[in-house]
Amino acid sequence: MIFSTLAYIVSNVLAYSPPGLILSFLSAFVVDGRYFKAYKQEFVGTFLMIAFTFSAGKWVGVDTWQVAWLAHAVGVIAADRIGGGPHVNPAVSVSMWCLGKIDGYTEMYVRIAGQMGGGLLAFPLYRFFSNTLGWNSLGGPEFSIENVNEAFLSEFFATILLCFTIYALNWQMNFGKYHYWVKQALTAFAIRFLIEVFPTAGPAMNPMLGTTWAVFNSAFDSGADLDSEIWENMGTFPQDAEHYFVYWISPICGALTASFLYAIYSGDAFFGHKLPMGPLVTPIGGVATPSAPSK
């Protein structure tokens, strides 16, 4: 009786959980919970980022792009501040790993698991809230299968420019007393600009967003309707290789390319090794100095 009850509870938890969410939670405790703080930052930051930035133009600034841009900027700053400085982007986490800005592969994995968990939970919950309150439903990145090559290139170059923005604002510029607020605002406006310039695949510029939105959206493609049925069909991970080609391989290749070019520019190590070329900039006194932390 006890085992049948437990089996019933577990089966219902799994049925009403987005696919992969439980695996994400379990990843928070690898290496005896050493990276639990990083997981929490990514999970909370991603959950808030989707609400604060995807609502721009949907819940806030519906009629005026200026208000939508401002709302997006405020959302980027708020999610980062409340979340404790997360990456909220697997491609960025890969870049931080290969540039030696985080504590190795395991921390990168835990951060990506937190990002995926936050995204998997955010989209169905926000759909429920928007339907309950009568607000516009949030959208997500998508691309046409006929334009897969263009979508790949769009995500690739958009991610490179996103990474360059992060490097420049976090490690190369100093805005004095208000550095955090200025660099976060500029980051937000840069992201919004890239969204407008690279629309072919959304853009996502973020593997987590591309996939968690696809998981959520697949529930409706299979027949779920509005808030009541979304909990009965939590969707599935995409089955087509093109999705991963565009939303994972492309931005990660973009992040690696940007990281490699930055390592040449700054003289930083790339996957723990100094490159034979660079740096292109000479620090004061002619001595290489370590870059500032990512956050």
# chains A, B, ... in the order shown; residues from 1 in each chain; ligands from 1
$ residues_around --residues "A:Tyr262" --least-positions-apart "4" --cutoff "10 Å" --atoms "only C-alpha atoms" --output "PyMOL selection string"
chain A and resi 99+163-164+167-168+256-258+266-270+278-280
$ residues_around --residues "A:Ser95" --least-positions-apart "2" --cutoff "7 Å" --atoms "only C-alpha atoms" --output "list in words"
Ala91, Val92, Ser93, Trp97, Cys98, Leu99, Ala255, Leu256 and Ser259 of chain A
$ atom_distance --atom1 "atom CA of A:Gly210" --atom2 "atom CA of A:Trp181"
27.7 Å
$ residues_around --residues "A:Tyr126" --least-positions-apart "4" --cutoff "10 Å" --atoms "only C-alpha atoms" --output "MDAnalysis selection string"
chainID A and resid 47 50:51 55 121:122 130:132 137:138 227
$ atom_distance --atom1 "atom CA of A:Trp248" --atom2 "atom CA of A:Ile264"
24.4 Å
$ select_by_dssp --residues "stretch 23-225 of chain A" --states "helix (DSSP H, G or I)" --output "ChimeraX atom specification"
/A:23-27,30-33,36-54,65-83,90-98,104-133,145-172,176-197,207-221
$ closest_residue --among "A:Ala219, A:Leu48, A:Met108, A:Leu23" --to "A:Ile82" --atoms "only C-alpha atoms"
A:Leu48
